[in-house]
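To start, the structure under review is shown below, and the notes come after it.
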Amino acid sequence: MRFSLFVHMERSDLAKSHSELLAELEELVLLAEQAGFETAWIGEHHGMEFTISPNPFINIAYLGARTTSIRLGTGTIVAPFWHPIKLAGEAAMADVITGGRLDIGIARGAYSYEYQRLFPGLEAWGAGQRMREMVPAIRGLWDGDFELSGEFWSFPSTTSSPKPLQKPYPPIWVAARDPNSHDFAVASKCNVQVTPLASGDGEVASLMERFNAACQVHPETPRPEIMLLMHTFVAEDAAEADRLAQDLSQFYCQFGAWFQNKKPAHQGILEPLTEAEIAAMPQYASDKIRQNLVIGEADEVIARLKTYEAQGYDQYSIWIDSGLSHRRKKKSLQLFIDKVMPAFSEPQVGSR
């Protein structure tokens, strides 16, 4: 099982500059590259300081000039916010800039906050259908002289300019949760990204079951790769692990509030949650977070990850966005590198 890093700029204090956040992002990615991580993933989000990344290809181009071996992925592009010609061209340019190190993660999106602002009236089903039309469209554009008369997009014969460096295409990863999404990804010869969020190991096992079921339905398709994304923090001792769980509890309450789109935001920062609102999300209580996320001393983290490796996950991505300070994120990542990674076979950096 190989390792990757899922990382964004984030802030809750407007006094901290975006330039400083960018420098911290770069430092974490360089640390991951030096340790042999396979990929750094950066997703797409809009209008929120909670997750700052309006166009991940910009971040990827910036990081591509400062790294040499780590792959750089969109984790994920929100398909309904793009036109296929624009996405195919920008992705191909990013692949050229990075020397063929691009991975493309693509999803329907999740935040109703973003739907409301970028695509009013869009709902999850319609977003998912747009993603399904997008995947073959961008491959067709990379092949060239491709025309589309689809349900959501139509255009005459067009060729992506530029074309990607990787042949035939950069790897495409589909964010999947329900069985239909897994089936689409496997049938489309795409890799799969999954996250249980804070639902725990039962959901981790269930996600793998859905993936395996999709693979069985499509025996003609070579088994794609599957990546598990989870918040993961290594602590020096039990007391530090408890503090991390408390902080991640607050993060997930904020995540839930953004997701539900029921709180006002000012200057991209969500209005503080009340005690009653926090109490209404018992699934994010610190004891549940401690149990369901991968938080603990090195031996505990190793044991959890060995379980996931045995289940068949090809890549494990550390979701480091957390509301924690840069110092604490870097400390945890270094502990992971020093104390957890040696228990696993060495990843092949930049290989596919």
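By order of appearance in the structure tokens: chains A, B, ..., then residues from 1 within every chain, and ligands from 1 in the order shown.
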Stretch 122-277 of chain A: which residues are helix (DSSP H, G or I) by DSSP, as a count of residues only?
72
Which residues come within 9 Å of A:Cys253, counting only C-alpha atoms, excluding same-chain residues fewer than 6 positions away, as a PyMOL selection string?
chain A and resi 273+277-278+281+284-285
Using backbone DSSP assignments, extract all strand (DSSP E) residues from stretch 83-291 of chain A; output them as a ChimeraX atom specification.
/A:102-107,146-149,154-158,172-175,191-194,226-234,265-266,269-270
Closest pair table for stretch 275-342 of chain A residues within 9 Å of stretch 38-54 of chain A, only C-alpha atoms, as a Markdown table:
| residue | atom | partner | partner_atom | distance |
| --- | --- | --- | --- | --- |
| A:Gln315 | CA | A:Glu38 | CA | 8.6 |
| A:Ser317 | CA | A:Trp41 | CA | 8.5 |
| A:Asp321 | CA | A:Thr51 | CA | 8.1 |
| A:Gly323 | CA | A:Phe50 | CA | 8.2 |
What's around A:Leu228 at 12 Å? Count only C-alpha atoms, leave out sequence neighbours fewer than 6 positions away in its own chain, and write the answer as a CSV table (one decimal) with N, CA, C and O atoms, in the first residue's frame.
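What follows is the written file result-v7.csv:
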chain,number,residue,atom,x,y,z
A,1,MET,N,0.9,-1.2,0.0
A,1,MET,CA,0.0,0.0,0.0
A,1,MET,C,0.9,1.2,0.0
A,1,MET,O,1.8,1.4,0.8
A,2,ARG,N,0.6,2.1,-1.0
A,2,ARG,CA,1.4,3.3,-1.1
A,2,ARG,C,0.8,4.5,-0.4
A,2,ARG,O,-0.4,4.4,-0.1
A,3,PHE,N,1.5,5.5,-0.1
A,3,PHE,CA,1.0,6.7,0.6
A,3,PHE,C,0.9,7.9,-0.2
A,3,PHE,O,1.8,8.2,-1.1
A,4,SER,N,-0.1,8.8,0.1
A,4,SER,CA,-0.2,10.1,-0.5
A,4,SER,C,-0.7,11.1,0.5
A,4,SER,O,-1.1,10.7,1.6
A,5,LEU,N,-0.7,12.3,0.1
A,5,LEU,CA,-1.0,13.4,1.0
A,5,LEU,C,-2.2,14.2,0.4
A,5,LEU,O,-2.0,14.7,-0.8
A,6,PHE,N,-3.2,14.4,1.1
A,6,PHE,CA,-4.4,15.2,0.6
A,6,PHE,C,-4.3,16.5,1.4
A,6,PHE,O,-4.5,16.5,2.7
A,75,GLY,N,-7.8,16.4,-6.3
A,75,GLY,CA,-8.5,15.5,-5.4
A,75,GLY,C,-9.7,16.2,-4.7
A,75,GLY,O,-9.6,16.4,-3.5
A,173,TRP,N,-9.3,9.3,-11.6
A,173,TRP,CA,-9.8,8.7,-10.4
A,173,TRP,C,-11.2,9.3,-10.2
A,173,TRP,O,-11.4,10.5,-10.2
A,175,ALA,N,-14.3,9.8,-7.6
A,175,ALA,CA,-14.8,9.7,-6.1
A,175,ALA,C,-16.1,9.0,-6.1
A,175,ALA,O,-17.1,9.3,-6.7
A,176,ALA,N,-16.1,7.9,-5.3
A,176,ALA,CA,-17.2,7.0,-5.3
A,176,ALA,C,-17.6,6.7,-3.9
A,176,ALA,O,-16.8,6.5,-3.0
A,177,ARG,N,-19.0,6.5,-3.7
A,177,ARG,CA,-19.5,6.1,-2.4
A,177,ARG,C,-20.5,5.0,-2.6
A,177,ARG,O,-20.4,3.9,-2.2
A,191,ASN,N,-9.7,4.7,-11.9
A,191,ASN,CA,-9.4,4.4,-10.5
A,191,ASN,C,-10.4,5.0,-9.6
A,191,ASN,O,-11.3,5.8,-10.0
A,192,VAL,N,-10.4,4.6,-8.3
A,192,VAL,CA,-11.5,4.9,-7.4
A,192,VAL,C,-10.9,5.6,-6.2
A,192,VAL,O,-9.9,5.1,-5.6
A,193,GLN,N,-11.5,6.7,-5.8
A,193,GLN,CA,-11.1,7.4,-4.5
A,193,GLN,C,-12.3,7.2,-3.6
A,193,GLN,O,-13.5,7.4,-4.0
A,194,VAL,N,-12.1,6.8,-2.3
A,194,VAL,CA,-13.2,6.7,-1.4
A,194,VAL,C,-12.8,7.3,0.0
A,194,VAL,O,-11.6,7.3,0.3
A,195,THR,N,-13.7,7.8,0.7
A,195,THR,CA,-13.5,8.3,2.0
A,195,THR,C,-14.7,7.9,2.9
A,195,THR,O,-15.8,8.2,2.5
A,196,PRO,N,-14.4,7.4,4.1
A,196,PRO,CA,-15.5,7.1,5.0
A,196,PRO,C,-15.9,8.3,5.9
A,196,PRO,O,-16.7,8.3,6.7
A,197,LEU,N,-15.1,9.5,5.6
A,197,LEU,CA,-15.2,10.7,6.5
A,197,LEU,C,-15.0,10.2,7.9
A,197,LEU,O,-13.9,9.7,8.2
A,201,ASP,N,-14.3,2.2,10.7
A,201,ASP,CA,-13.8,1.1,10.0
A,201,ASP,C,-14.8,0.2,9.4
A,201,ASP,O,-14.6,-0.5,8.4
A,203,GLU,N,-17.4,1.4,7.7
A,203,GLU,CA,-17.6,2.0,6.4
A,203,GLU,C,-16.4,1.8,5.5
A,203,GLU,O,-16.5,1.6,4.3
A,204,VAL,N,-15.2,1.7,6.1
A,204,VAL,CA,-14.0,1.4,5.3
A,204,VAL,C,-14.1,0.0,4.6
A,204,VAL,O,-13.9,-0.1,3.4
A,205,ALA,N,-14.6,-0.9,5.4
A,205,ALA,CA,-14.8,-2.3,4.9
A,205,ALA,C,-15.9,-2.3,3.8
A,205,ALA,O,-15.8,-3.0,2.8
A,206,SER,N,-17.0,-1.6,4.1
A,206,SER,CA,-18.1,-1.5,3.2
A,206,SER,C,-17.7,-0.9,1.9
A,206,SER,O,-18.2,-1.4,0.8
A,207,LEU,N,-16.9,0.1,1.9
A,207,LEU,CA,-16.5,0.8,0.6
A,207,LEU,C,-15.7,-0.2,-0.2
A,207,LEU,O,-15.8,-0.2,-1.5
A,208,MET,N,-14.9,-1.0,0.4
A,208,MET,CA,-14.1,-2.0,-0.3
A,208,MET,C,-15.0,-3.1,-0.9
A,208,MET,O,-14.8,-3.5,-2.0
A,211,PHE,N,-16.6,-1.7,-4.0
A,211,PHE,CA,-15.6,-1.7,-5.1
A,211,PHE,C,-15.4,-3.1,-5.7
A,211,PHE,O,-15.4,-3.3,-6.9
A,294,VAL,N,-8.1,7.9,12.1
A,294,VAL,CA,-6.8,7.2,12.4
A,294,VAL,C,-5.9,8.2,13.2
A,294,VAL,O,-5.2,9.0,12.7
A,305,LEU,N,-3.6,0.8,9.7
A,305,LEU,CA,-3.2,0.8,8.2
A,305,LEU,C,-2.9,-0.6,7.7
A,305,LEU,O,-3.2,-0.9,6.5
A,308,TYR,N,-6.2,-2.0,6.6
A,308,TYR,CA,-6.6,-1.5,5.3
A,308,TYR,C,-5.8,-2.1,4.1
A,308,TYR,O,-6.4,-2.4,3.1
A,309,GLU,N,-4.5,-2.3,4.4
A,309,GLU,CA,-3.7,-2.9,3.3
A,309,GLU,C,-4.2,-4.3,3.1
A,309,GLU,O,-4.3,-4.7,1.9
A,311,GLN,N,-7.1,-5.4,3.4
A,311,GLN,CA,-8.4,-5.4,2.7
A,311,GLN,C,-8.3,-5.2,1.2
A,311,GLN,O,-9.2,-5.4,0.4
A,312,GLY,N,-7.1,-4.7,0.7
A,312,GLY,CA,-6.8,-4.5,-0.7
A,312,GLY,C,-6.7,-3.1,-1.2
A,312,GLY,O,-6.6,-2.9,-2.4
A,313,TYR,N,-6.6,-2.1,-0.3
A,313,TYR,CA,-6.4,-0.7,-0.7
A,313,TYR,C,-5.0,-0.6,-1.3
A,313,TYR,O,-4.0,-1.0,-0.7
A,314,ASP,N,-4.9,0.1,-2.4
A,314,ASP,CA,-3.7,0.3,-3.1
A,314,ASP,C,-2.9,1.5,-2.7
A,314,ASP,O,-1.7,1.5,-2.7
A,315,GLN,N,-3.7,2.5,-2.3
A,315,GLN,CA,-3.1,3.8,-1.9
A,315,GLN,C,-3.9,4.3,-0.7
A,315,GLN,O,-5.1,4.2,-0.6
A,316,TYR,N,-3.1,4.8,0.3
A,316,TYR,CA,-3.7,5.4,1.5
A,316,TYR,C,-3.3,6.9,1.5
A,316,TYR,O,-2.1,7.2,1.5
A,317,SER,N,-4.3,7.8,1.6
A,317,SER,CA,-4.0,9.2,1.5
A,317,SER,C,-4.3,9.8,2.9
A,317,SER,O,-5.4,9.7,3.4
A,318,ILE,N,-3.3,10.5,3.4
A,318,ILE,CA,-3.4,11.2,4.7
A,318,ILE,C,-4.2,12.6,4.4
A,318,ILE,O,-3.6,13.4,3.7
A,319,TRP,N,-5.3,12.7,5.0
A,319,TRP,CA,-6.1,14.0,4.9
A,319,TRP,C,-5.6,14.8,6.0
A,319,TRP,O,-5.9,14.6,7.2
Of the candidates A:Pro171, A:Gly200, A:Pro162, A:Gly140, which shows the shortest atom-to-atom distance to A:Thr74, using only C-alpha atoms?
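Going through A:Pro171, A:Gly200, A:Pro162, A:Gly140 one by one, the smallest distance to A:Thr74 is for A:Pro171.
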Counting only C-alpha atoms, what is within 12 Å of A:Gly126, bar same-chain residues fewer than 3 positions away, as a list in words?
Ala79, Pro80, Arg108, Gly109, Tyr115, Phe119, Pro120, Gly121, Leu122, Glu123, Gln129, Arg130, Met131, Arg132, Glu133, Glu151 and Phe152 of chain A
Using only C-alpha atoms, determine which residues lie at most 8 Å from A:Thr67, disregarding the query and same-chain residues fewer than 4 positions distant; provide the list as JSON, numbers by chain.
{"A": [30, 33, 63]}
Atoms to include: N, CA, C and O atoms. Write the selected residues as an mmCIF file, in the first residue's frame.
data_model
loop_
_atom_site.group_PDB
_atom_site.id
_atom_site.type_symbol
_atom_site.label_atom_id
_atom_site.label_comp_id
_atom_site.auth_asym_id
_atom_site.auth_seq_id
_atom_site.Cartn_x
_atom_site.Cartn_y
_atom_site.Cartn_z
ATOM 1 N N LEU A 30 6.698 19.193 -0.130
ATOM 2 C CA LEU A 30 8.119 18.848 -0.271
ATOM 3 C C LEU A 30 8.534 17.805 0.759
ATOM 4 O O LEU A 30 9.323 16.889 0.456
ATOM 5 N N GLU A 33 7.259 14.543 -0.532
ATOM 6 C CA GLU A 33 8.064 14.066 -1.657
ATOM 7 C C GLU A 33 9.378 13.457 -1.163
ATOM 8 O O GLU A 33 9.776 12.366 -1.613
ATOM 9 N N LEU A 63 3.373 23.831 -7.778
ATOM 10 C CA LEU A 63 4.121 22.758 -7.107
ATOM 11 C C LEU A 63 4.954 21.956 -8.107
ATOM 12 O O LEU A 63 6.021 21.442 -7.761
#
With distances taken over only C-alpha atoms, which of A:Leu141, A:Ala185, A:Met341, A:Leu244 is nearest to A:Ala92?
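Result for the nearest residue to A:Ala92: A:Leu141.
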As an exercise, work out the distance from atom CA of A:Ala241 to atom CA of A:Glu297 in Å and give it to one decimal place.
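Separation of atom CA of A:Ala241 and atom CA of A:Glu297: 7.1 Å.
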One decimal, Å: what's the distance from atom CA of A:His18 over to atom CA of A:Tyr252, could you say?
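Distance reported for this atom pair: 22.7 Å.
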Point-to-point distance in Å for atom CA of A:Ala88 and atom CA of A:Ile70:
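Atom-to-atom, atom CA of A:Ile70 to atom CA of A:Ala88, that is 21.8 Å.
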Determine, counting only C-alpha atoms, which protein, DNA and RNA residues have an atom within 12 Å of an atom of A:Ala23; residues of the same chain fewer than 5 positions away are not included. Present the result as a list in words.
His8, Met9, Lys16, Ser17, His18, Leu28, Val29, Leu30, Asn59, Tyr62, Leu63, Arg66 and His326 of chain A
File of the preceding selection, all heavy atoms, as a compact mmCIF listing (two decimals), in the first residue's frame:
# COMPACT_ATOMS: atom_id res chain seq x y z
N HIS A 8 -4.73 21.08 1.56
CA HIS A 8 -5.19 22.36 1.07
C HIS A 8 -4.65 23.48 1.94
O HIS A 8 -4.23 23.27 3.07
CB HIS A 8 -6.73 22.46 1.10
CG HIS A 8 -7.41 21.55 0.14
ND1 HIS A 8 -7.86 20.31 0.50
CD2 HIS A 8 -7.73 21.72 -1.16
CE1 HIS A 8 -8.43 19.73 -0.55
NE2 HIS A 8 -8.36 20.57 -1.56
N MET A 9 -4.74 24.68 1.42
CA MET A 9 -4.62 25.87 2.26
C MET A 9 -5.93 26.01 3.02
O MET A 9 -7.00 25.74 2.49
CB MET A 9 -4.38 27.10 1.39
CG MET A 9 -3.07 27.07 0.63
SD MET A 9 -3.01 28.23 -0.78
CE MET A 9 -3.41 29.79 0.01
N LYS A 16 -3.91 35.79 9.11
CA LYS A 16 -2.88 34.96 8.48
C LYS A 16 -3.01 35.09 6.97
O LYS A 16 -4.08 34.86 6.40
CB LYS A 16 -3.03 33.50 8.91
CG LYS A 16 -1.94 32.60 8.35
CD LYS A 16 -1.70 31.40 9.21
CE LYS A 16 -0.51 30.61 8.73
NZ LYS A 16 -0.07 29.58 9.67
N SER A 17 -1.93 35.45 6.29
CA SER A 17 -2.02 35.76 4.87
C SER A 17 -2.07 34.49 4.02
O SER A 17 -1.57 33.43 4.40
CB SER A 17 -0.82 36.60 4.44
OG SER A 17 0.36 35.80 4.39
N HIS A 18 -2.66 34.64 2.85
CA HIS A 18 -2.69 33.53 1.90
C HIS A 18 -1.29 33.19 1.41
O HIS A 18 -1.00 32.03 1.09
CB HIS A 18 -3.61 33.86 0.73
CG HIS A 18 -5.06 33.90 1.09
ND1 HIS A 18 -5.80 35.05 1.05
CD2 HIS A 18 -5.91 32.93 1.51
CE1 HIS A 18 -7.05 34.79 1.41
NE2 HIS A 18 -7.14 33.51 1.71
N LEU A 28 4.80 21.24 3.20
CA LEU A 28 4.24 19.92 3.47
C LEU A 28 4.40 19.00 2.27
O LEU A 28 4.73 17.81 2.41
CB LEU A 28 2.77 20.03 3.86
CG LEU A 28 2.47 20.69 5.21
CD1 LEU A 28 0.97 20.88 5.39
CD2 LEU A 28 3.05 19.89 6.37
N VAL A 29 4.18 19.52 1.07
CA VAL A 29 4.30 18.69 -0.13
C VAL A 29 5.77 18.29 -0.35
O VAL A 29 6.06 17.13 -0.71
CB VAL A 29 3.74 19.44 -1.36
CG1 VAL A 29 4.06 18.68 -2.65
CG2 VAL A 29 2.22 19.60 -1.22
N LEU A 30 6.70 19.19 -0.13
CA LEU A 30 8.12 18.85 -0.27
C LEU A 30 8.53 17.81 0.76
O LEU A 30 9.32 16.89 0.46
CB LEU A 30 8.98 20.10 -0.14
CG LEU A 30 8.92 21.07 -1.32
CD1 LEU A 30 9.68 22.35 -0.99
CD2 LEU A 30 9.48 20.43 -2.58
N ASN A 59 -2.45 25.43 -8.36
CA ASN A 59 -1.60 24.91 -7.29
C ASN A 59 -0.65 23.85 -7.83
O ASN A 59 0.54 23.80 -7.48
CB ASN A 59 -2.46 24.29 -6.18
CG ASN A 59 -3.48 25.25 -5.61
OD1 ASN A 59 -4.24 25.86 -6.34
ND2 ASN A 59 -3.52 25.37 -4.29
N TYR A 62 2.17 25.35 -9.85
CA TYR A 62 3.13 25.96 -8.92
C TYR A 62 4.00 24.88 -8.28
O TYR A 62 5.24 24.99 -8.25
CB TYR A 62 2.35 26.73 -7.86
CG TYR A 62 3.21 27.30 -6.75
CD1 TYR A 62 3.86 28.52 -6.89
CD2 TYR A 62 3.37 26.60 -5.55
CE1 TYR A 62 4.64 29.04 -5.87
CE2 TYR A 62 4.16 27.11 -4.53
CZ TYR A 62 4.79 28.33 -4.69
OH TYR A 62 5.57 28.82 -3.68
N LEU A 63 3.37 23.83 -7.78
CA LEU A 63 4.12 22.76 -7.11
C LEU A 63 4.95 21.96 -8.11
O LEU A 63 6.02 21.44 -7.76
CB LEU A 63 3.17 21.84 -6.36
CG LEU A 63 2.46 22.48 -5.16
CD1 LEU A 63 1.32 21.59 -4.68
CD2 LEU A 63 3.45 22.74 -4.02
N ARG A 66 8.39 23.12 -8.35
CA ARG A 66 9.18 23.04 -7.11
C ARG A 66 9.43 21.61 -6.65
O ARG A 66 10.10 21.39 -5.66
CB ARG A 66 8.47 23.85 -6.01
CG ARG A 66 8.58 25.34 -6.25
CD ARG A 66 7.49 26.15 -5.62
NE ARG A 66 7.72 27.58 -5.82
CZ ARG A 66 7.45 28.23 -6.97
NH1 ARG A 66 6.92 27.57 -7.99
NH2 ARG A 66 7.70 29.51 -7.08
N HIS A 326 0.04 24.86 11.37
CA HIS A 326 1.03 24.25 10.48
C HIS A 326 2.06 23.46 11.28
O HIS A 326 2.47 22.37 10.86
CB HIS A 326 1.71 25.34 9.66
CG HIS A 326 2.80 24.83 8.77
ND1 HIS A 326 2.57 23.98 7.71
CD2 HIS A 326 4.16 25.02 8.81
CE1 HIS A 326 3.72 23.70 7.11
NE2 HIS A 326 4.69 24.31 7.76
Skipping near chain neighbours, those fewer than 3 positions away, what residues fall within 9 Å of A:Glu236 using only C-alpha atoms, listed as a PyMOL selection string?
chain A and resi 239-241+296-298+332+335
